[in-house]
Amino acid sequence: MLKKISSLLEYEEQYQQSISSPEKFWAEVAESFLWKKKWSNVFSGGFEKVDYKWFEGAQLNITENCIDRHLDSFGNKTAIIWEPNNPSEPNRIISYNELHKEVCRFSNSLMKLGVTKGDTVCIYMPMIPELAIAMLACARIGAIHSIVFGGFSAQSIAGRVQDAECKWMITADGCYRGDKQLHLKNIVDEALEQCPSIQKSIVFNRSNFPVTMKEGRDVWWNDVVKDCSTNHDAVSMEAEDPLFILYTSGSTGKPKGVLHTTAGYMVYAAYTFLNVFQYNTEDIYWCTADIGWITGHSYIVYGPLLNGATTLMYEGVPQFPDWGRWWNVIDKYGVNIFYTAPTAIRSLEAQGLKFLEGKNLSSLRVLGSVGEPINEEAWEWYHKNIGKEKCPIVDTWWQTETGGILISPLAGITPTKPSFATLPLPGVEPVLVDANGNELTEKVAEGNLCIKKSWPGQARTIYKDHEKFIQTYFTTYKGKYFTGDGCRRDEDGYYRITGRADDVIKVSGHRIGTAEVENAINESPSVVESAVVGYPHDIKGNAIMAFVILKSNATASDEILKKEISETVTRIIGPIARPEKIVFVSGLPKTRSGKIMRRILRKIAEGEPDKVGDVTTLLNPEVVEEIKGKVSR
């Protein structure tokens, strides 16, 4: 098994080795895994031609490393704890032995249907163990999984199926999220009307919802697995064979099919999980993300299972049946490591402390944050009320394209600062550059965040469009991977993400990052969450409009609250960053993964509400009309 970094000195030594001798460093890390054939080359290529490869010549199967190699030592250990949406429904505890049997059985089922190595399989399922089993079975037979979050529209599914050229669909009849029914099979049926490439659709019966099964195409999961063996010899994969495609939305254009390959992703996901969270053998680990996003791929399934961890899958939402549900789950299972998003933390904070009454939470040892920069107020609330001021918070920065965490504290090792992602992980060489691509070499600096050299978990391409991959990530700053994020480095060499580089507002010639203004607004005692955008201004060029969600106990008049927010921003950043307009709203338009869709807010602020585009895939499309109405007044 992998060896864990155990001190700040050891981190510094490993980091220096990883930068000066990256091939030697990653070869030593990779020795911990099970290989069918060792590599002939640790690394080749680079960013100049965007042709980098890791562990070339090696042969392996990632599922043998996730499951098979653990069976002799701890086959009876719990691999997956499944907590259903409804707390009155029985949970499921799945051991490594049981997971192995189910993955092998479903692998045989897929092969019986004709799925072969290199085929692409779309998976559109709720957060149930069968989702993890399906993705692992695909990997075991060499099929490429393309998971779509079980909440996207038929149109979104169809676009992804068509782009990835999927031949197979795996779905479920439906599920509950909170008290809402989601009829997944019906949505898939609508999507597949546009997808003649799909040969078979496998349907798992999760909720006994009525469905229509199309003859010749649709088959029930239980019928397919019936009589299939629970033994399966994993297919041998080349190191650079594709493992999965995952679609990520940009501010313009259709979603990009980010492609990750097998060996480098495996090594990096395992290494970062172990070290960032400082995982111990008996820990119960819970990441609240959905497997439909990269966080779920890397830090619910692959990273934990590669380390022989116990990973918790939760089907529901934070507020069902009430806002104390997550704290009940932590106490129920004795969760030691808890990893969630700032959006969720702020939502929980907005409910006050009443839902924490009677909750123990003493099992918690490490807290994590993922998905966006966490503002200081949310960090402090999380640290004090959930971590009881004894749990380190790992504020992790990474992307779908990076495959795993790039900048983060190591829990209990790296001294932390609220809202700072702190230091790069071994093998990661961040640089800040100015608009002309010049590296900012002084210790304290602010610019655009790039990565200088490849790391094993890095995406290899955009599916079927390598030129777009090069144009998107490697042409802005030649020879560097451009993350698209603005960043500040402080006197300790710590990195703080200041927001998307394209989310910079130029007010009277001053560049102001949206995340910086939002962080300041969120410091106001009456504010739960905010989003800011720029809009044209006759004198300043651009001005700032802030959309703000207030706490339920905010009783002062709108004018007093707006003054309070303006004064807070002025105090924290300066008068230049003070919003010209503040709009109080009940919610912000968010994707299913919790990201705020600022482009929608920008169009509304710019006086073009009819150009916001399709909002049907949002988590809360109804707020868009509310916001339009308030801004037009």
# chains A, B, ... in the order shown; residues from 1 in each chain; ligands from 1
>>> residues_around(residues="stretch 546-562 of chain A", least_positions_apart="2", cutoff="6 Å", atoms="only C-alpha atoms", output="list in words")
Ala350, Ser526, Val527, Val528, Glu529, Ser530, Ala531, Val532, Glu564, Ile565, Ile582, Val583, Phe584, Val585 and Ser586 of chain A
>>> closest_atom_pairs(of="stretch 255-298 of chain A", to="stretch 119-132 of chain A", cutoff="10 Å", atoms="only C-alpha atoms", output="tab-separated table")
residue	atom	partner	partner_atom	distance
A:Ala289	CA	A:Met127	CA	9.6
A:Asp290	CA	A:Met127	CA	6.8
A:Ile291	CA	A:Met127	CA	7.2
A:Gly292	CA	A:Tyr124	CA	8.2
A:Gly296	CA	A:Ala132	CA	9.8
A:His297	CA	A:Ala132	CA	9.0
>>> write_last_selection(atoms="all heavy atoms", output="mmCIF file, in the first residue's frame")
data_model
loop_
_atom_site.group_PDB
_atom_site.id
_atom_site.type_symbol
_atom_site.label_atom_id
_atom_site.label_comp_id
_atom_site.auth_asym_id
_atom_site.auth_seq_id
_atom_site.Cartn_x
_atom_site.Cartn_y
_atom_site.Cartn_z
ATOM 1 N N ALA A 289 -20.580 14.650 -2.372
ATOM 2 C CA ALA A 289 -20.798 14.931 -3.798
ATOM 3 C C ALA A 289 -21.607 13.814 -4.436
ATOM 4 O O ALA A 289 -21.894 12.785 -3.823
ATOM 5 C CB ALA A 289 -19.448 15.073 -4.499
ATOM 6 N N ASP A 290 -21.964 14.037 -5.684
ATOM 7 C CA ASP A 290 -22.610 13.004 -6.483
ATOM 8 C C ASP A 290 -21.548 12.368 -7.377
ATOM 9 O O ASP A 290 -20.630 13.051 -7.849
ATOM 10 C CB ASP A 290 -23.721 13.620 -7.343
ATOM 11 C CG ASP A 290 -24.598 12.566 -7.993
ATOM 12 O OD1 ASP A 290 -24.154 11.976 -9.003
ATOM 13 O OD2 ASP A 290 -25.719 12.336 -7.513
ATOM 14 N N ILE A 291 -21.667 11.080 -7.627
ATOM 15 C CA ILE A 291 -20.686 10.400 -8.474
ATOM 16 C C ILE A 291 -20.736 10.936 -9.903
ATOM 17 O O ILE A 291 -19.786 10.779 -10.667
ATOM 18 C CB ILE A 291 -20.906 8.869 -8.409
ATOM 19 C CG1 ILE A 291 -20.520 8.361 -7.004
ATOM 20 C CG2 ILE A 291 -20.089 8.132 -9.455
ATOM 21 C CD1 ILE A 291 -20.831 6.899 -6.760
ATOM 22 N N GLY A 292 -21.810 11.615 -10.264
ATOM 23 C CA GLY A 292 -21.907 12.221 -11.587
ATOM 24 C C GLY A 292 -20.939 13.358 -11.837
ATOM 25 O O GLY A 292 -20.857 13.865 -12.954
ATOM 26 N N GLY A 296 -17.019 12.987 -7.219
ATOM 27 C CA GLY A 296 -17.535 11.659 -6.920
ATOM 28 C C GLY A 296 -16.696 10.554 -7.539
ATOM 29 O O GLY A 296 -16.482 9.495 -6.927
ATOM 30 N N HIS A 297 -16.222 10.778 -8.763
ATOM 31 C CA HIS A 297 -15.341 9.791 -9.405
ATOM 32 C C HIS A 297 -14.079 9.561 -8.556
ATOM 33 O O HIS A 297 -13.748 8.425 -8.219
ATOM 34 C CB HIS A 297 -14.896 10.289 -10.785
ATOM 35 C CG HIS A 297 -15.895 10.123 -11.878
ATOM 36 N ND1 HIS A 297 -17.186 10.602 -11.810
ATOM 37 C CD2 HIS A 297 -15.790 9.528 -13.103
ATOM 38 C CE1 HIS A 297 -17.822 10.302 -12.938
ATOM 39 N NE2 HIS A 297 -17.000 9.656 -13.739
#
>>> closest_residue(among="A:Ala577, A:Leu184, A:Met1, A:Val317", to="A:Val533", atoms="only C-alpha atoms")
A:Ala577
>>> select_by_dssp(residues="stretch 154-362 of chain A", states="alpha helix (DSSP H)", output="MDAnalysis selection string")
chainID A and resid 154:164 184:192 221:225 263:276 294:296 303:306 325:333 342:350
>>> atom_distance(atom1="atom CA of A:Pro609", atom2="atom CA of A:Met597")
13.8 Å
>>> residues_around(residues="A:Gln59", least_positions_apart="6", cutoff="7 Å", atoms="only C-alpha atoms", output="PDB file with N, CA and C atoms, in the first residue's frame")
ATOM      1  N   TRP A  35       0.369  -4.330 -10.995  1.00  0.00           N
ATOM      2  CA  TRP A  35       0.534  -4.162 -12.442  1.00  0.00           C
ATOM      3  C   TRP A  35       0.606  -5.528 -13.110  1.00  0.00           C
ATOM      4  N   LYS A  36      -0.028  -5.655 -14.247  1.00  0.00           N
ATOM      5  CA  LYS A  36       0.110  -6.878 -15.040  1.00  0.00           C
ATOM      6  C   LYS A  36       1.438  -6.863 -15.789  1.00  0.00           C
ATOM      7  N   LYS A  37       1.888  -5.640 -16.107  1.00  0.00           N
ATOM      8  CA  LYS A  37       3.189  -5.439 -16.744  1.00  0.00           C
ATOM      9  C   LYS A  37       3.678  -4.053 -16.355  1.00  0.00           C
ATOM     10  N   LYS A  38       4.950  -3.943 -15.962  1.00  0.00           N
ATOM     11  CA  LYS A  38       5.501  -2.650 -15.544  1.00  0.00           C
ATOM     12  C   LYS A  38       5.728  -1.748 -16.757  1.00  0.00           C
ATOM     13  N   SER A 236      -6.960  -6.704 -19.412  1.00  0.00           N
ATOM     14  CA  SER A 236      -5.704  -5.972 -19.311  1.00  0.00           C
ATOM     15  C   SER A 236      -5.798  -4.681 -20.117  1.00  0.00           C
ATOM     16  N   MET A 237      -5.495  -3.561 -19.477  1.00  0.00           N
ATOM     17  CA  MET A 237      -5.571  -2.250 -20.115  1.00  0.00           C
ATOM     18  C   MET A 237      -4.176  -1.644 -20.224  1.00  0.00           C
ATOM     19  N   GLU A 238      -3.928  -0.958 -21.338  1.00  0.00           N
ATOM     20  CA  GLU A 238      -2.700  -0.180 -21.465  1.00  0.00           C
ATOM     21  C   GLU A 238      -2.804   1.053 -20.566  1.00  0.00           C
ATOM     22  N   ALA A 239      -1.674   1.537 -20.102  1.00  0.00           N
ATOM     23  CA  ALA A 239      -1.652   2.685 -19.194  1.00  0.00           C
ATOM     24  C   ALA A 239      -2.423   3.874 -19.736  1.00  0.00           C
TER      25      ALA A 239
END
>>> residues_around(residues="stretch 434-448 of chain A", least_positions_apart="3", cutoff="7 Å", atoms="only C-alpha atoms", output="PyMOL selection string")
chain A and resi 431+477+485-491+493+501
>>> write_last_selection(atoms="C-alpha atoms", output="PDB file, in the first residue's frame")
ATOM      1  CA  VAL A 431       3.017  29.570 -11.347  1.00  0.00           C
ATOM      2  CA  TYR A 477       0.151  30.848 -22.079  1.00  0.00           C
ATOM      3  CA  ASP A 485      -8.489  30.831 -12.406  1.00  0.00           C
ATOM      4  CA  GLY A 486      -7.105  33.990 -10.911  1.00  0.00           C
ATOM      5  CA  CYS A 487      -4.958  33.501  -7.824  1.00  0.00           C
ATOM      6  CA  ARG A 488      -3.053  35.340  -5.116  1.00  0.00           C
ATOM      7  CA  ARG A 489       0.140  34.110  -3.430  1.00  0.00           C
ATOM      8  CA  ASP A 490       0.977  35.488   0.018  1.00  0.00           C
ATOM      9  CA  GLU A 491       4.141  35.927   2.033  1.00  0.00           C
ATOM     10  CA  GLY A 493       3.788  31.015  -0.421  1.00  0.00           C
ATOM     11  CA  ALA A 501     -10.056  34.716 -14.746  1.00  0.00           C
TER      12      ALA A 501
END
>>> closest_residue(among="A:Ser73, A:Thr310, A:Ser347, A:Thr116", to="A:Gly324", atoms="only C-alpha atoms")
A:Ser347
>>> atom_distance(atom1="atom CA of A:Asp395", atom2="atom CA of A:Gly368")
5.9 Å
>>> atom_distance(atom1="atom CA of A:Thr171", atom2="atom CA of A:Tyr339")
26.5 Å
>>> closest_residue(among="A:Tyr96, A:Phe320, A:Trp54, A:Tyr382", to="A:Ala79", atoms="only C-alpha atoms")
A:Tyr96
>>> residues_around(residues="stretch 188-203 of chain A", least_positions_apart="2", cutoff="8 Å", atoms="only C-alpha atoms", output="list in words")
Leu113, Ala154, Gln155, Ile157, Ala158, Val161, Gln162, Glu165, Cys166, Lys167, Trp168, Met169, Ile170, Thr171, Ala172, Asp173, Leu184, Lys185, Asn186, Asn205, Gly216, Arg217, Asp218, Val219, Trp220 and Trp221 of chain A
>>> closest_residue(among="A:Thr472, A:Gly457, A:Thr248, A:Lys4", to="A:Thr281", atoms="only C-alpha atoms")
A:Lys4
>>> closest_residue(among="A:Asn620, A:Asp331, A:Ala269, A:Ala378", to="A:Trp398", atoms="only C-alpha atoms")
A:Ala269
>>> closest_atom_pairs(of="stretch 223-327 of chain A", to="stretch 5-11 of chain A", cutoff="9 Å", atoms="only C-alpha atoms", output="tab-separated table")
residue	atom	partner	partner_atom	distance
A:Leu274	CA	A:Ile5	CA	8.7
A:Asn275	CA	A:Ile5	CA	6.2
A:Gln278	CA	A:Ile5	CA	8.0
>>> closest_residue(among="A:Lys388, A:Arg571, A:Lys214, A:Arg500", to="A:Arg598", atoms="only C-alpha atoms")
A:Arg500
>>> decode(residues="stretch 504-538 of chain A", atoms="N, CA, C and O atoms", output="JSON list (two decimals), in the first residue's frame")
[["chain", "number", "residue", "atom", "x", "y", "z"],
["A", 504, "VAL", "N", -13.61, 38.46, -13.98],
["A", 504, "VAL", "CA", -12.94, 39.66, -13.49],
["A", 504, "VAL", "C", -13.68, 40.87, -14.04],
["A", 504, "VAL", "O", -13.99, 40.93, -15.23],
["A", 505, "ILE", "N", -14.01, 41.80, -13.17],
["A", 505, "ILE", "CA", -14.73, 43.01, -13.58],
["A", 505, "ILE", "C", -13.75, 44.18, -13.53],
["A", 505, "ILE", "O", -13.05, 44.37, -12.53],
["A", 506, "LYS", "N", -13.68, 44.93, -14.62],
["A", 506, "LYS", "CA", -12.80, 46.08, -14.66],
["A", 506, "LYS", "C", -13.61, 47.34, -14.36],
["A", 506, "LYS", "O", -14.39, 47.80, -15.20],
["A", 507, "VAL", "N", -13.47, 47.86, -13.16],
["A", 507, "VAL", "CA", -14.21, 49.03, -12.71],
["A", 507, "VAL", "C", -13.26, 50.22, -12.64],
["A", 507, "VAL", "O", -12.28, 50.18, -11.89],
["A", 508, "SER", "N", -13.53, 51.23, -13.44],
["A", 508, "SER", "CA", -12.65, 52.42, -13.48],
["A", 508, "SER", "C", -11.19, 52.02, -13.66],
["A", 508, "SER", "O", -10.29, 52.59, -13.03],
["A", 509, "GLY", "N", -10.96, 51.02, -14.49],
["A", 509, "GLY", "CA", -9.60, 50.58, -14.78],
["A", 509, "GLY", "C", -9.01, 49.61, -13.78],
["A", 509, "GLY", "O", -7.90, 49.11, -13.97],
["A", 510, "HIS", "N", -9.74, 49.32, -12.72],
["A", 510, "HIS", "CA", -9.25, 48.38, -11.70],
["A", 510, "HIS", "C", -9.84, 46.99, -11.94],
["A", 510, "HIS", "O", -11.05, 46.85, -12.13],
["A", 511, "ARG", "N", -8.98, 45.97, -11.91],
["A", 511, "ARG", "CA", -9.45, 44.58, -12.06],
["A", 511, "ARG", "C", -9.93, 44.07, -10.71],
["A", 511, "ARG", "O", -9.17, 44.05, -9.73],
["A", 512, "ILE", "N", -11.19, 43.66, -10.66],
["A", 512, "ILE", "CA", -11.77, 43.19, -9.40],
["A", 512, "ILE", "C", -12.33, 41.79, -9.63],
["A", 512, "ILE", "O", -13.19, 41.58, -10.49],
["A", 513, "GLY", "N", -11.85, 40.83, -8.88],
["A", 513, "GLY", "CA", -12.32, 39.44, -8.99],
["A", 513, "GLY", "C", -13.67, 39.27, -8.31],
["A", 513, "GLY", "O", -13.90, 39.76, -7.20],
["A", 514, "THR", "N", -14.57, 38.56, -9.00],
["A", 514, "THR", "CA", -15.91, 38.37, -8.43],
["A", 514, "THR", "C", -15.86, 37.63, -7.10],
["A", 514, "THR", "O", -16.61, 37.95, -6.18],
["A", 515, "ALA", "N", -15.00, 36.62, -6.99],
["A", 515, "ALA", "CA", -14.93, 35.83, -5.75],
["A", 515, "ALA", "C", -14.52, 36.70, -4.58],
["A", 515, "ALA", "O", -15.00, 36.52, -3.45],
["A", 516, "GLU", "N", -13.63, 37.64, -4.84],
["A", 516, "GLU", "CA", -13.15, 38.52, -3.77],
["A", 516, "GLU", "C", -14.29, 39.38, -3.23],
["A", 516, "GLU", "O", -14.45, 39.55, -2.01],
["A", 517, "VAL", "N", -15.10, 39.93, -4.14],
["A", 517, "VAL", "CA", -16.23, 40.76, -3.72],
["A", 517, "VAL", "C", -17.27, 39.90, -2.99],
["A", 517, "VAL", "O", -17.82, 40.30, -1.96],
["A", 518, "GLU", "N", -17.54, 38.72, -3.54],
["A", 518, "GLU", "CA", -18.51, 37.83, -2.90],
["A", 518, "GLU", "C", -18.06, 37.44, -1.50],
["A", 518, "GLU", "O", -18.87, 37.40, -0.56],
["A", 519, "ASN", "N", -16.78, 37.13, -1.36],
["A", 519, "ASN", "CA", -16.27, 36.80, -0.03],
["A", 519, "ASN", "C", -16.50, 37.94, 0.95],
["A", 519, "ASN", "O", -16.87, 37.72, 2.11],
["A", 520, "ALA", "N", -16.29, 39.18, 0.48],
["A", 520, "ALA", "CA", -16.49, 40.34, 1.35],
["A", 520, "ALA", "C", -17.97, 40.51, 1.70],
["A", 520, "ALA", "O", -18.31, 40.72, 2.87],
["A", 521, "ILE", "N", -18.84, 40.40, 0.71],
["A", 521, "ILE", "CA", -20.28, 40.52, 0.98],
["A", 521, "ILE", "C", -20.73, 39.46, 1.98],
["A", 521, "ILE", "O", -21.52, 39.74, 2.89],
["A", 522, "ASN", "N", -20.21, 38.24, 1.80],
["A", 522, "ASN", "CA", -20.62, 37.13, 2.67],
["A", 522, "ASN", "C", -20.14, 37.30, 4.11],
["A", 522, "ASN", "O", -20.59, 36.58, 5.01],
["A", 523, "GLU", "N", -19.22, 38.24, 4.32],
["A", 523, "GLU", "CA", -18.79, 38.54, 5.69],
["A", 523, "GLU", "C", -19.85, 39.36, 6.43],
["A", 523, "GLU", "O", -19.82, 39.44, 7.66],
["A", 524, "SER", "N", -20.77, 39.98, 5.68],
["A", 524, "SER", "CA", -21.82, 40.77, 6.32],
["A", 524, "SER", "C", -22.69, 39.84, 7.17],
["A", 524, "SER", "O", -23.09, 38.76, 6.73],
["A", 525, "PRO", "N", -23.00, 40.21, 8.40],
["A", 525, "PRO", "CA", -23.72, 39.29, 9.31],
["A", 525, "PRO", "C", -25.12, 38.90, 8.85],
["A", 525, "PRO", "O", -25.67, 37.91, 9.31],
["A", 526, "SER", "N", -25.69, 39.63, 7.90],
["A", 526, "SER", "CA", -27.06, 39.34, 7.45],
["A", 526, "SER", "C", -27.11, 38.46, 6.20],
["A", 526, "SER", "O", -28.18, 38.10, 5.73],
["A", 527, "VAL", "N", -25.93, 38.13, 5.65],
["A", 527, "VAL", "CA", -25.87, 37.48, 4.33],
["A", 527, "VAL", "C", -25.57, 35.99, 4.45],
["A", 527, "VAL", "O", -24.68, 35.59, 5.20],
["A", 528, "VAL", "N", -26.30, 35.20, 3.66],
["A", 528, "VAL", "CA", -26.03, 33.76, 3.54],
["A", 528, "VAL", "C", -25.08, 33.52, 2.37],
["A", 528, "VAL", "O", -24.08, 32.82, 2.50],
["A", 529, "GLU", "N", -25.42, 34.08, 1.22],
["A", 529, "GLU", "CA", -24.66, 33.81, 0.01],
["A", 529, "GLU", "C", -24.88, 34.94, -0.98],
["A", 529, "GLU", "O", -25.89, 35.63, -0.93],
["A", 530, "SER", "N", -23.92, 35.09, -1.90],
["A", 530, "SER", "CA", -24.04, 36.16, -2.88],
["A", 530, "SER", "C", -23.36, 35.77, -4.18],
["A", 530, "SER", "O", -22.54, 34.86, -4.22],
["A", 531, "ALA", "N", -23.71, 36.49, -5.23],
["A", 531, "ALA", "CA", -23.03, 36.38, -6.52],
["A", 531, "ALA", "C", -22.96, 37.76, -7.12],
["A", 531, "ALA", "O", -23.93, 38.51, -7.07],
["A", 532, "VAL", "N", -21.80, 38.12, -7.67],
["A", 532, "VAL", "CA", -21.67, 39.45, -8.27],
["A", 532, "VAL", "C", -21.26, 39.31, -9.73],
["A", 532, "VAL", "O", -20.57, 38.37, -10.12],
["A", 533, "VAL", "N", -21.72, 40.26, -10.53],
["A", 533, "VAL", "CA", -21.37, 40.33, -11.95],
["A", 533, "VAL", "C", -21.15, 41.78, -12.32],
["A", 533, "VAL", "O", -21.56, 42.69, -11.60],
["A", 534, "GLY", "N", -20.51, 41.98, -13.45],
["A", 534, "GLY", "CA", -20.34, 43.33, -13.96],
["A", 534, "GLY", "C", -21.42, 43.68, -14.98],
["A", 534, "GLY", "O", -21.98, 42.79, -15.62],
["A", 535, "TYR", "N", -21.70, 44.97, -15.09],
["A", 535, "TYR", "CA", -22.63, 45.43, -16.13],
["A", 535, "TYR", "C", -22.15, 46.80, -16.61],
["A", 535, "TYR", "O", -21.45, 47.51, -15.88],
["A", 536, "PRO", "N", -22.49, 47.18, -17.84],
["A", 536, "PRO", "CA", -21.96, 48.42, -18.41],
["A", 536, "PRO", "C", -22.37, 49.65, -17.61],
["A", 536, "PRO", "O", -23.52, 49.77, -17.15],
["A", 537, "HIS", "N", -21.41, 50.58, -17.46],
["A", 537, "HIS", "CA", -21.65, 51.82, -16.72],
["A", 537, "HIS", "C", -21.06, 52.98, -17.52],
["A", 537, "HIS", "O", -19.92, 52.90, -17.99],
["A", 538, "ASP", "N", -21.84, 54.04, -17.66],
["A", 538, "ASP", "CA", -21.43, 55.16, -18.51],
["A", 538, "ASP", "C", -20.12, 55.78, -18.08],
["A", 538, "ASP", "O", -19.31, 56.20, -18.92]]
